[in-house]
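Shown below: final-v8.pdb, with PDB, C-alpha atoms.
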```pdb
ATOM      1  CA  MET C   1      38.508  46.081 -14.416
ATOM      2  CA  MET C   2      39.665  44.569 -17.723
ATOM      3  CA  ALA C   3      41.282  41.693 -15.828
ATOM      4  CA  ILE C   4      37.985  40.945 -14.139
ATOM      5  CA  MET C   5      36.180  40.993 -17.498
ATOM      6  CA  HIS C   6      38.731  38.553 -18.930
ATOM      7  CA  LEU C   7      37.975  36.211 -16.031
ATOM      8  CA  LEU C   8      34.198  36.557 -16.399
ATOM      9  CA  ASN C   9      34.083  35.843 -20.135
ATOM     10  CA  PRO C  10      35.293  32.207 -19.783
ATOM     11  CA  LEU C  11      32.854  31.730 -16.901
ATOM     12  CA  LYS C  12      29.997  32.997 -19.073
ATOM     13  CA  LEU C  13      31.108  30.654 -21.845
ATOM     14  CA  CYS C  14      31.184  27.670 -19.440
ATOM     15  CA  LEU C  15      27.750  28.589 -18.093
ATOM     16  CA  SER C  16      26.374  28.819 -21.631
ATOM     17  CA  VAL C  17      27.755  25.361 -22.435
ATOM     18  CA  VAL C  18      26.252  23.909 -19.245
ATOM     19  CA  LEU C  19      22.857  25.433 -20.008
ATOM     20  CA  LEU C  20      23.018  24.151 -23.578
ATOM     21  CA  LEU C  21      23.920  20.639 -22.416
ATOM     22  CA  SER C  22      21.178  20.752 -19.804
ATOM     23  CA  SER C  23      18.638  21.851 -22.397
ATOM     24  CA  THR C  24      19.792  19.101 -24.763
ATOM     25  CA  LEU C  25      19.591  16.497 -21.974
ATOM     26  CA  ASN C  26      16.083  17.576 -21.067
ATOM     27  CA  LEU C  27      15.091  17.313 -24.715
ATOM     28  CA  VAL C  28      16.531  13.799 -24.974
ATOM     29  CA  VAL C  29      14.841  12.722 -21.738
ATOM     30  CA  GLY C  30      11.589  14.252 -22.943
ATOM     31  CA  GLN C  31      11.851  12.270 -26.165
ATOM     32  CA  ASN C  32      12.189   9.053 -24.136
ATOM     33  CA  LEU C  33       9.020   9.710 -22.183
ATOM     34  CA  THR C  34       5.678   8.256 -23.177
ATOM     35  CA  GLN C  35       2.868  10.658 -23.979
ATOM     36  CA  GLU C  36       1.339   9.846 -20.579
ATOM     37  CA  GLN C  37       4.621  10.540 -18.756
ATOM     38  CA  GLN C  38       5.159  13.804 -20.601
ATOM     39  CA  ALA C  39       1.628  14.951 -19.743
ATOM     40  CA  ASN C  40       2.136  14.073 -16.075
ATOM     41  CA  THR C  41       5.487  15.879 -16.009
ATOM     42  CA  ASN C  42       3.809  19.044 -17.244
ATOM     43  CA  ARG C  43       0.907  19.105 -14.773
ATOM     44  CA  THR C  44       0.283  19.168 -11.029
ATOM     45  CA  LEU C  45      -0.704  15.709  -9.827
ATOM     46  CA  LYS C  46      -3.333  15.841  -7.084
ATOM     47  CA  ILE C  47      -2.732  12.942  -4.694
ATOM     48  CA  GLY C  48      -5.130  11.792  -1.975
ATOM     49  CA  TYR C  49      -4.577   9.283   0.812
ATOM     50  CA  VAL C  50      -7.749   7.746   2.259
ATOM     51  CA  VAL C  51      -7.038   6.825   5.892
ATOM     52  CA  TYR C  52      -8.812   5.423   8.937
ATOM     53  CA  GLU C  53      -7.900   4.762  12.566
ATOM     54  CA  GLY C  54      -5.743   1.679  12.841
ATOM     55  CA  PHE C  55      -3.805   2.172   9.592
ATOM     56  CA  THR C  56      -0.442   0.444   9.182
ATOM     57  CA  PRO C  57       2.244   3.186   9.323
ATOM     58  CA  LEU C  58       4.559   1.724   6.658
ATOM     59  CA  ASP C  59       1.629   1.361   4.250
ATOM     60  CA  ILE C  60       1.454   5.146   4.280
ATOM     61  CA  TRP C  61       4.919   6.438   5.103
ATOM     62  CA  GLY C  62       6.921   4.017   2.949
ATOM     63  CA  PRO C  63       5.315   4.954  -0.377
ATOM     64  CA  MET C  64       4.912   8.541   0.865
ATOM     65  CA  GLU C  65       8.703   8.885   1.108
ATOM     66  CA  LEU C  66       8.971   8.350  -2.640
ATOM     67  CA  LEU C  67       6.211  10.881  -3.273
ATOM     68  CA  PHE C  68       7.862  13.370  -0.911
ATOM     69  CA  GLN C  69      11.281  13.039  -2.533
ATOM     70  CA  LEU C  70       9.866  13.232  -6.048
ATOM     71  CA  SER C  71       7.912  16.385  -5.207
ATOM     72  CA  TYR C  72      11.237  18.259  -5.239
ATOM     73  CA  GLN C  73      11.194  17.768  -9.009
ATOM     74  CA  ARG C  74       7.541  17.264  -9.957
ATOM     75  CA  ASN C  75       4.494  19.317  -9.027
ATOM     76  CA  MET C  76       2.132  17.541  -6.650
ATOM     77  CA  THR C  77      -0.461  18.327  -4.014
ATOM     78  CA  LEU C  78      -1.437  16.065  -1.126
ATOM     79  CA  ALA C  79      -4.795  15.633   0.599
ATOM     80  CA  VAL C  80      -5.315  13.218   3.491
ATOM     81  CA  VAL C  81      -8.971  12.198   3.598
ATOM     82  CA  SER C  82     -10.728  10.575   6.550
ATOM     83  CA  HIS C  83     -14.054  10.534   8.391
ATOM     84  CA  LYS C  84     -13.033  13.707  10.241
ATOM     85  CA  LYS C  85     -10.262  16.305  10.030
ATOM     86  CA  GLY C  86      -7.342  16.240  12.428
ATOM     87  CA  PRO C  87      -5.143  13.489  13.866
ATOM     88  CA  VAL C  88      -5.860   9.925  12.753
ATOM     89  CA  ASN C  89      -4.402   7.210  14.975
ATOM     90  CA  ALA C  90      -2.309   4.336  13.711
ATOM     91  CA  ARG C  91      -3.170   2.495  16.921
ATOM     92  CA  SER C  92      -6.347   0.598  16.307
ATOM     93  CA  PRO C  93      -9.440   0.684  18.513
ATOM     94  CA  PRO C  94     -10.229  -2.673  20.188
ATOM     95  CA  HIS C  95     -11.755  -5.024  17.645
ATOM     96  CA  ALA C  96     -12.170  -8.634  16.631
ATOM     97  CA  VAL C  97      -9.395  -9.818  14.347
ATOM     98  CA  GLY C  98     -11.268 -10.385  11.111
ATOM     99  CA  HIS C  99      -8.834 -12.704   9.364
ATOM    100  CA  ASN C 100      -8.279 -14.901  12.455
ATOM    101  CA  PRO C 101     -11.597 -16.272  13.772
ATOM    102  CA  GLU C 102      -9.812 -17.920  16.712
ATOM    103  CA  ILE C 103      -9.197 -14.484  18.224
ATOM    104  CA  SER C 104     -12.487 -12.932  19.306
ATOM    105  CA  ALA C 105     -11.196  -9.541  20.425
ATOM    106  CA  ALA C 106      -7.959  -7.635  20.856
ATOM    107  CA  ASP C 107      -6.980  -4.569  22.878
ATOM    108  CA  TYR C 108      -4.229  -2.390  21.412
ATOM    109  CA  SER C 109      -4.117   0.317  24.096
ATOM    110  CA  HIS C 110      -0.574  -0.692  25.086
ATOM    111  CA  MET C 111       0.827   0.132  21.634
ATOM    112  CA  ILE C 112       2.556   3.340  20.570
ATOM    113  CA  ASN C 113       0.390   5.649  18.505
ATOM    114  CA  PRO C 114       1.884   7.465  15.501
ATOM    115  CA  GLN C 115      -0.622   9.711  13.758
ATOM    116  CA  ILE C 116      -1.303  11.347  10.436
ATOM    117  CA  ILE C 117      -3.270  14.583  10.040
ATOM    118  CA  ALA C 118      -6.408  14.394   7.910
ATOM    119  CA  THR C 119      -6.768  17.581   5.869
ATOM    120  CA  HIS C 120     -10.196  16.759   4.443
ATOM    121  CA  THR C 121     -13.288  14.693   5.111
ATOM    122  CA  PHE C 122     -15.149  12.458   2.690
ATOM    123  CA  GLU C 123     -17.616  15.308   2.229
ATOM    124  CA  ASP C 124     -15.178  18.112   1.311
ATOM    125  CA  ALA C 125     -12.278  16.279  -0.371
ATOM    126  CA  PRO C 126     -10.958  18.050  -3.481
ATOM    127  CA  HIS C 127     -10.654  16.514  -6.926
ATOM    128  CA  LEU C 128      -7.990  13.794  -6.838
ATOM    129  CA  ASP C 129      -5.916  12.433  -9.722
ATOM    130  CA  VAL C 130      -4.394   9.636  -7.621
ATOM    131  CA  ILE C 131      -6.189   7.901  -4.734
ATOM    132  CA  VAL C 132      -4.082   5.768  -2.372
ATOM    133  CA  VAL C 133      -5.648   3.422   0.191
ATOM    134  CA  PRO C 134      -3.413   1.752   2.811
ATOM    135  CA  GLY C 135      -4.206  -1.301   4.909
ATOM    136  CA  GLY C 136      -4.370  -1.727   8.650
ATOM    137  CA  ALA C 137      -5.989  -3.730  11.423
ATOM    138  CA  GLY C 138      -8.356  -0.853  12.180
ATOM    139  CA  TYR C 139     -10.279  -1.609   9.010
ATOM    140  CA  PHE C 140     -11.943  -4.555  10.749
ATOM    141  CA  HIS C 141     -13.348  -2.195  13.357
ATOM    142  CA  PHE C 142     -14.023   0.826  11.144
ATOM    143  CA  ALA C 143     -15.743  -0.974   8.288
ATOM    144  CA  GLU C 144     -16.586  -4.584   9.050
ATOM    145  CA  GLU C 145     -17.684  -4.512  12.705
ATOM    146  CA  ALA C 146     -19.380  -1.127  12.507
ATOM    147  CA  ASN C 147     -20.793  -1.912   9.045
ATOM    148  CA  ASN C 148     -19.525   1.511   7.985
ATOM    149  CA  THR C 149     -19.329   1.993   4.214
ATOM    150  CA  VAL C 150     -18.317   5.662   4.111
ATOM    151  CA  MET C 151     -14.915   4.860   2.572
ATOM    152  CA  GLU C 152     -16.401   2.504   0.008
ATOM    153  CA  ASP C 153     -19.134   5.030  -0.849
ATOM    154  CA  PHE C 154     -16.491   7.728  -1.316
ATOM    155  CA  LEU C 155     -14.356   5.481  -3.529
ATOM    156  CA  ALA C 156     -17.311   4.235  -5.565
ATOM    157  CA  HIS C 157     -18.141   7.883  -6.327
ATOM    158  CA  ARG C 158     -14.627   9.315  -6.712
ATOM    159  CA  GLY C 159     -12.756   6.287  -8.032
ATOM    160  CA  PRO C 160     -14.032   6.506 -11.613
ATOM    161  CA  GLU C 161     -13.067  10.211 -11.682
ATOM    162  CA  ALA C 162      -9.436   9.548 -10.693
ATOM    163  CA  ASP C 163      -6.673   8.819 -13.188
ATOM    164  CA  TYR C 164      -5.048   6.227 -10.935
ATOM    165  CA  LEU C 165      -6.147   4.035  -8.010
ATOM    166  CA  VAL C 166      -3.431   2.606  -5.747
ATOM    167  CA  SER C 167      -3.746   0.292  -2.739
ATOM    168  CA  VAL C 168      -1.313  -1.244  -0.273
ATOM    169  CA  CYS C 169      -2.001  -4.467   1.619
ATOM    170  CA  ILE C 170      -5.707  -4.907   2.451
ATOM    171  CA  GLY C 171      -6.437  -1.519   0.916
ATOM    172  CA  SER C 172      -7.398  -3.657  -2.076
ATOM    173  CA  VAL C 173     -10.300  -5.011   0.002
ATOM    174  CA  VAL C 174     -11.642  -1.459   0.248
ATOM    175  CA  PHE C 175     -11.447  -1.181  -3.549
ATOM    176  CA  ALA C 176     -13.170  -4.561  -3.877
ATOM    177  CA  ARG C 177     -16.003  -3.588  -1.545
ATOM    178  CA  ALA C 178     -16.414  -0.332  -3.478
ATOM    179  CA  GLY C 179     -16.933  -2.330  -6.682
ATOM    180  CA  LEU C 180     -13.773  -0.986  -8.310
ATOM    181  CA  LEU C 181     -12.076  -4.351  -8.872
ATOM    182  CA  ALA C 182     -14.892  -6.061 -10.783
ATOM    183  CA  GLY C 183     -13.404  -7.573 -13.918
ATOM    184  CA  ARG C 184      -9.854  -6.751 -12.730
ATOM    185  CA  ARG C 185      -6.738  -8.570 -11.596
ATOM    186  CA  ALA C 186      -5.461  -7.624  -8.134
ATOM    187  CA  THR C 187      -3.409  -8.832  -5.193
ATOM    188  CA  THR C 188      -3.367  -8.236  -1.458
ATOM    189  CA  ASN C 189      -1.675  -9.135   1.851
ATOM    190  CA  LYS C 190      -0.611 -12.780   1.795
ATOM    191  CA  ALA C 191      -0.939 -13.339   5.557
ATOM    192  CA  ALA C 192      -4.586 -12.229   5.333
ATOM    193  CA  TRP C 193      -5.222 -13.834   1.936
ATOM    194  CA  THR C 194      -8.177 -16.065   2.822
ATOM    195  CA  TRP C 195     -10.085 -13.270   4.533
ATOM    196  CA  ALA C 196      -9.147 -10.572   2.031
ATOM    197  CA  THR C 197     -10.166 -12.543  -1.048
ATOM    198  CA  ASP C 198     -13.463 -13.767   0.375
ATOM    199  CA  PRO C 199     -16.144 -13.415  -2.360
ATOM    200  CA  SER C 200     -18.303 -11.396   0.039
ATOM    201  CA  HIS C 201     -15.907  -8.479  -0.509
ATOM    202  CA  GLY C 202     -16.522  -8.331  -4.245
ATOM    203  CA  SER C 203     -17.300 -10.525  -7.212
ATOM    204  CA  ASN C 204     -15.626 -11.107 -10.572
ATOM    205  CA  ILE C 205     -12.145 -10.343  -9.223
ATOM    206  CA  THR C 206      -9.096 -12.315 -10.345
ATOM    207  CA  TRP C 207      -6.904 -12.442  -7.237
ATOM    208  CA  VAL C 208      -3.272 -13.098  -8.159
ATOM    209  CA  PRO C 209      -1.613 -15.242  -5.444
ATOM    210  CA  SER C 210       2.034 -14.905  -6.566
ATOM    211  CA  ALA C 211       2.473 -11.173  -6.978
ATOM    212  CA  ARG C 212       4.442  -8.457  -5.228
ATOM    213  CA  TRP C 213       2.129  -6.016  -6.970
ATOM    214  CA  VAL C 214      -0.365  -6.074  -9.842
ATOM    215  CA  GLN C 215      -1.198  -3.407 -12.397
ATOM    216  CA  ASP C 216      -4.490  -3.714 -14.258
ATOM    217  CA  GLY C 217      -5.058  -0.620 -16.329
ATOM    218  CA  ASN C 218      -5.114   2.382 -14.005
ATOM    219  CA  ILE C 219      -5.453   0.275 -10.830
ATOM    220  CA  TRP C 220      -2.358  -0.776  -8.868
ATOM    221  CA  THR C 221      -2.569  -3.155  -5.895
ATOM    222  CA  SER C 222       0.263  -4.511  -3.763
ATOM    223  CA  SER C 223       0.923  -7.280  -1.300
ATOM    224  CA  GLY C 224       1.460  -6.571   2.386
ATOM    225  CA  VAL C 225       3.115  -3.544   3.950
ATOM    226  CA  ALA C 226       6.689  -3.269   2.581
ATOM    227  CA  ALA C 227       5.542  -4.383  -0.879
ATOM    228  CA  GLY C 228       3.791  -1.032  -1.149
ATOM    229  CA  ILE C 229       7.146   0.733  -1.536
ATOM    230  CA  ASP C 230       8.112  -1.484  -4.464
ATOM    231  CA  MET C 231       4.728  -0.923  -6.059
ATOM    232  CA  MET C 232       4.964   2.848  -5.561
ATOM    233  CA  TRP C 233       8.360   2.820  -7.282
ATOM    234  CA  ALA C 234       6.869   0.927 -10.238
ATOM    235  CA  PHE C 235       3.761   3.120 -10.270
ATOM    236  CA  LEU C 236       5.674   6.410 -10.209
ATOM    237  CA  ARG C 237       8.072   5.108 -12.846
ATOM    238  CA  HIS C 238       5.016   4.389 -14.995
ATOM    239  CA  VAL C 239       3.677   7.882 -14.310
ATOM    240  CA  TYR C 240       6.904   9.898 -14.653
ATOM    241  CA  GLY C 241       9.567   7.698 -16.252
ATOM    242  CA  PRO C 242      13.148   6.786 -15.255
ATOM    243  CA  VAL C 243      13.619   9.836 -13.004
ATOM    244  CA  LEU C 244      12.577   7.389 -10.257
ATOM    245  CA  ASP C 245      15.743   5.315 -10.613
ATOM    246  CA  LYS C 246      18.046   8.104  -9.476
ATOM    247  CA  LEU C 247      15.601   8.969  -6.689
ATOM    248  CA  VAL C 248      15.578   5.503  -5.086
ATOM    249  CA  ASN C 249      19.371   5.465  -5.154
ATOM    250  CA  SER C 250      19.435   8.830  -3.403
ATOM    251  CA  ILE C 251      17.494   7.363  -0.471
ATOM    252  CA  GLU C 252      19.598   4.156  -0.630
ATOM    253  CA  TYR C 253      16.598   1.957  -1.342
ATOM    254  CA  THR C 254      16.727  -1.085  -3.624
ATOM    255  CA  PRO C 255      13.289  -1.858  -5.066
ATOM    256  CA  HIS C 256      12.232  -5.347  -6.047
ATOM    257  CA  THR C 257      11.633  -4.792  -9.743
ATOM    258  CA  ASP C 258       9.841  -8.070 -10.541
ATOM    259  CA  PRO C 259       6.114  -7.852  -9.735
ATOM    260  CA  ASP C 260       5.898 -11.653  -9.767
ATOM    261  CA  TRP C 261       8.590 -12.132  -7.105
ATOM    262  CA  ASP C 262       6.530 -12.971  -4.035
ATOM    263  CA  PRO C 263       8.175 -15.234  -1.439
ATOM    264  CA  PHE C 264       5.475 -14.445   1.112
ATOM    265  CA  SER C 265       2.916 -16.331  -0.956
ATOM    266  CA  VAL C 266       5.166 -19.328  -0.165
ATOM    267  CA  VAL C 267       5.746 -18.391   3.479
ATOM    268  CA  PHE C 268       1.997 -18.117   4.093
ATOM    269  CA  LYS C 269       1.117 -21.047   1.789
ATOM    270  CA  VAL C 270      -1.341 -19.032  -0.289
ATOM    271  CA  PRO C 271      -3.639 -21.328  -2.291
ATOM    272  CA  GLY C 272      -2.771 -21.313  -5.973
ATOM    273  CA  ALA C 273       0.677 -19.770  -5.444
ATOM    274  CA  ASN C 274       3.830 -21.346  -6.812
ATOM    275  CA  GLN C 275       5.149 -23.063  -3.680
ATOM    276  CA  ASN C 276       8.478 -23.783  -5.406
ATOM    277  CA  HIS C 277       9.172 -20.078  -5.929
ATOM    278  CA  THR C 278      12.566 -18.992  -4.659
ATOM    279  CA  LEU C 279      12.624 -17.086  -1.380
ATOM    280  CA  THR C 280      15.847 -15.328  -2.368
ATOM    281  CA  ASP C 281      15.977 -12.143  -4.402
ATOM    282  CA  CYS C 282      19.278 -10.693  -5.574
ATOM    283  CA  GLU C 283      18.397  -7.099  -6.389
ATOM    284  CA  ALA C 284      21.043  -4.386  -6.588
ATOM    285  CA  PRO C 285      20.981  -0.575  -6.735
ATOM    286  CA  LEU C 286      19.533   0.631 -10.015
ATOM    287  CA  PRO C 287      21.856   1.943 -12.755
ATOM    288  CA  THR C 288      21.637   5.718 -13.289
TER     289      THR C 288
END
```
Serialized structure, structure tokens:
Amino acid sequence: MMAIMHLLNPLKLCLSVVLLLSSTLNLVVGQNLTQEQQANTNRTLKIGYVVYEGFTPLDIWGPMELLFQLSYQRNMTLAVVSHKKGPVNARSPPHAVGHNPEISAADYSHMINPQIIATHTFEDAPHLDVIVVPGGAGYFHFAEEANNTVMEDFLAHRGPEADYLVSVCIGSVVFARAGLLAGRRATTNKAAWTWATDPSHGSNITWVPSARWVQDGNIWTSSGVAAGIDMMWAFLRHVYGPVLDKLVNSIEYTPHTDPDWDPFSVVFKVPGANQNHTLTDCEAPLPT
């Protein structure tokens, strides 16, 4: 029995040292956090995705992977809000292609159909601290062709109550039509630039042509599709601090850390963009 006790005492000592070091590390990390980051670390962040039929899967699931992984360490809730509860199709209903007037109609019935489950409607959505709006071809049908403003009405009402507003791709058009980008800088999908930035979608908006993503106060907007993952990394790093760097390495993802690196503004010849911008980016895994 005494022999066992002699073995346990060093183990207890080692455990005490580990706990002390851990406590010290947490204190140091806490001291490096901004007041905003510390407050977010100590609360449950209520996140809401606003979705519609014909969403682009990567607009949702790419940034969602970062949220999912981070929720191991930070308290979050997730609501998926749409016009009705239940499955929401990524495959778009037939519609005219809004940013290409040469194509009068398109049928997408041959495409595969991943889905996301809407947990709430626009009428019963809970309070949301973060509202995320993806892009997708279905927006032309859901909002423009049908002249349906339910998403914009929801965002116009709930947007000012949220701490953060985040859009991917043409999700920024939804913000614009809801009046949330007036007086703000923003960016959007470069392939759909001319259509997305049309003044009919909202006035007094400074659209930034050479941007992977743009932060203006509490509003974050990104370029098309994959750019949403880079923006979500930058956004969550702003919200929670450098804990994000170890996380992106754990999923073997290398974020583009420069919001002004935007080769697709060159590829798609976006008016006002720097056409001499390099198309090559030499990012590497983040130091941890």
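The environment of Phe268 of chain C within 10 Å, counting all atoms listed in the file and disregarding residues fewer than 4 places along the same chain, consists of Asn189, Lys190, Ala191, Ala192, Trp193, Pro263, Phe264, Ala273 and Gln275 of chain C.
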Can you list what the PyMOL selection byres ((chain C and resi 133-139) around 9) grabs from this structure, as a PyMOL selection string? chain C and resi 48-60+90-95+97-98+131-132+140-145+165-175+189+224-225+228
Could you work out how far atom CA of Gly86 of chain C lies from atom CA of Ser109 of chain C, giving the answer in Å with one decimal? 20.0 Å
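Atom pair atom CA of Ile47 of chain C / atom CA of Leu78 of chain C has a distance of 4.9 Å (rounded to one decimal).
Within the 9 Å cut-off around Glu36 of chain C, using all atoms listed in the file and omitting residues fewer than 5 positions from it on the same chain, the listed residues are Thr41, His238, Val239 and Tyr240 of chain C.
If you look at atom CA of Met111 of chain C and atom CA of Glu252 of chain C, they are 29.4 Å away from each other.
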On this file, the PyMOL selection byres ((chain C and resi 218) around 6) gives some set of residues; write that set as an NGL selection string. :C and (164 or 217 or 219)
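With distances taken over all atoms listed in the file, C:Gln73 is the one residue among C:Ser250, C:Ser222, C:Gln73, C:Thr119 lying closest to Arg43 of chain C.
Ranking C:Val150, C:Ala125, C:Thr197, C:Gly241 by their shortest atom-to-atom distance to Thr34 of chain C, with all atoms listed in the file included, puts C:Gly241 first.
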Which polymer residues have any atom within 10 Å of an atom of Asn204 of chain C, counting all atoms listed in the file, with same-chain residues fewer than 6 positions away left out, as a PyMOL selection string? chain C and resi 176+179+181-185
Residues in the PyMOL selection byres ((chain C and resi 286) around 9), expressed as a PyMOL selection string: chain C and resi 245-246+248-249+254-255+283-285+287-288
Go ahead and write the residues just picked, C-alpha atoms, as a PDB file, in the frame of the given file.
```
ATOM      1  CA  ASP C 245      15.743   5.315 -10.613  1.00  0.00           C
ATOM      2  CA  LYS C 246      18.046   8.104  -9.476  1.00  0.00           C
ATOM      3  CA  VAL C 248      15.578   5.503  -5.086  1.00  0.00           C
ATOM      4  CA  ASN C 249      19.371   5.465  -5.154  1.00  0.00           C
ATOM      5  CA  THR C 254      16.727  -1.085  -3.624  1.00  0.00           C
ATOM      6  CA  PRO C 255      13.289  -1.858  -5.066  1.00  0.00           C
ATOM      7  CA  GLU C 283      18.397  -7.099  -6.389  1.00  0.00           C
ATOM      8  CA  ALA C 284      21.043  -4.386  -6.588  1.00  0.00           C
ATOM      9  CA  PRO C 285      20.981  -0.575  -6.735  1.00  0.00           C
ATOM     10  CA  PRO C 287      21.856   1.943 -12.755  1.00  0.00           C
ATOM     11  CA  THR C 288      21.637   5.718 -13.289  1.00  0.00           C
TER      12      THR C 288
END
```
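Each of C:Val130, C:Tyr72, C:Ala178, C:Pro259 was compared to Ile229 of chain C using all atoms listed in the file, and C:Pro259 turns out to be the nearest.
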Around segment 69-88 of chain C, with edges along x, y and z and 3 Å added on all six sides, what centre and edge lengths do you get, in Å to one decimal, as lines of an AutoDock Vina configuration file?
```
center_x = -1.4
center_y = 14.6
center_z = 2.0
size_x = 31.3
size_y = 15.4
size_z = 29.8
```
Spatial sel., origin (-11.9, 9.6, 7.1), limit 6 Å, all atoms listed in the file, listed as a PDB file with C-alpha atoms, in the coordinates of the input:
```
ATOM      1  CA  VAL C  51      -7.038   6.825   5.892  1.00  0.00           C
ATOM      2  CA  TYR C  52      -8.812   5.423   8.937  1.00  0.00           C
ATOM      3  CA  VAL C  81      -8.971  12.198   3.598  1.00  0.00           C
ATOM      4  CA  SER C  82     -10.728  10.575   6.550  1.00  0.00           C
ATOM      5  CA  HIS C  83     -14.054  10.534   8.391  1.00  0.00           C
ATOM      6  CA  LYS C  84     -13.033  13.707  10.241  1.00  0.00           C
ATOM      7  CA  THR C 121     -13.288  14.693   5.111  1.00  0.00           C
TER       8      THR C 121
END
```
Could you add the missing atoms to segment 57-68 of chain C, up to N, CA, C and O atoms, and return them as an mmCIF file, in the coordinates of the input?
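Written file, selection_19.cif:
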```cif
data_model
loop_
_atom_site.group_PDB
_atom_site.id
_atom_site.type_symbol
_atom_site.label_atom_id
_atom_site.label_comp_id
_atom_site.auth_asym_id
_atom_site.auth_seq_id
_atom_site.Cartn_x
_atom_site.Cartn_y
_atom_site.Cartn_z
ATOM 1 N N PRO C 57 1.397 2.026 9.656
ATOM 2 C CA PRO C 57 2.244 3.186 9.323
ATOM 3 C C PRO C 57 3.060 3.027 8.048
ATOM 4 O O PRO C 57 3.103 3.946 7.224
ATOM 5 N N LEU C 58 3.706 1.870 7.837
ATOM 6 C CA LEU C 58 4.559 1.724 6.658
ATOM 7 C C LEU C 58 3.753 1.719 5.365
ATOM 8 O O LEU C 58 4.266 2.104 4.311
ATOM 9 N N ASP C 59 2.493 1.302 5.434
ATOM 10 C CA ASP C 59 1.629 1.361 4.250
ATOM 11 C C ASP C 59 1.514 2.790 3.730
ATOM 12 O O ASP C 59 1.371 3.012 2.524
ATOM 13 N N ILE C 60 1.546 3.741 4.661
ATOM 14 C CA ILE C 60 1.454 5.146 4.280
ATOM 15 C C ILE C 60 2.828 5.751 4.079
ATOM 16 O O ILE C 60 3.148 6.298 3.016
ATOM 17 N N TRP C 61 3.685 5.660 5.102
ATOM 18 C CA TRP C 61 4.919 6.438 5.103
ATOM 19 C C TRP C 61 5.974 5.880 4.163
ATOM 20 O O TRP C 61 6.816 6.640 3.663
ATOM 21 N N GLY C 62 5.959 4.568 3.896
ATOM 22 C CA GLY C 62 6.921 4.017 2.949
ATOM 23 C C GLY C 62 6.725 4.583 1.553
ATOM 24 O O GLY C 62 7.618 5.251 1.008
ATOM 25 N N PRO C 63 5.565 4.360 0.934
ATOM 26 C CA PRO C 63 5.315 4.954 -0.377
ATOM 27 C C PRO C 63 5.342 6.487 -0.348
ATOM 28 O O PRO C 63 5.760 7.119 -1.321
ATOM 29 N N MET C 64 4.918 7.083 0.769
ATOM 30 C CA MET C 64 4.912 8.541 0.865
ATOM 31 C C MET C 64 6.314 9.124 0.749
ATOM 32 O O MET C 64 6.498 10.234 0.235
ATOM 33 N N GLU C 65 7.329 8.394 1.218
ATOM 34 C CA GLU C 65 8.703 8.885 1.108
ATOM 35 C C GLU C 65 9.085 9.098 -0.353
ATOM 36 O O GLU C 65 9.734 10.104 -0.698
ATOM 37 N N LEU C 66 8.683 8.186 -1.214
ATOM 38 C CA LEU C 66 8.971 8.350 -2.640
ATOM 39 C C LEU C 66 8.228 9.554 -3.211
ATOM 40 O O LEU C 66 8.789 10.327 -3.996
ATOM 41 N N LEU C 67 6.974 9.715 -2.819
ATOM 42 C CA LEU C 67 6.211 10.881 -3.273
ATOM 43 C C LEU C 67 6.858 12.173 -2.778
ATOM 44 O O LEU C 67 6.995 13.148 -3.520
ATOM 45 N N PHE C 68 7.247 12.180 -1.512
ATOM 46 C CA PHE C 68 7.862 13.370 -0.911
ATOM 47 C C PHE C 68 9.146 13.741 -1.643
ATOM 48 O O PHE C 68 9.348 14.899 -2.017
#
```
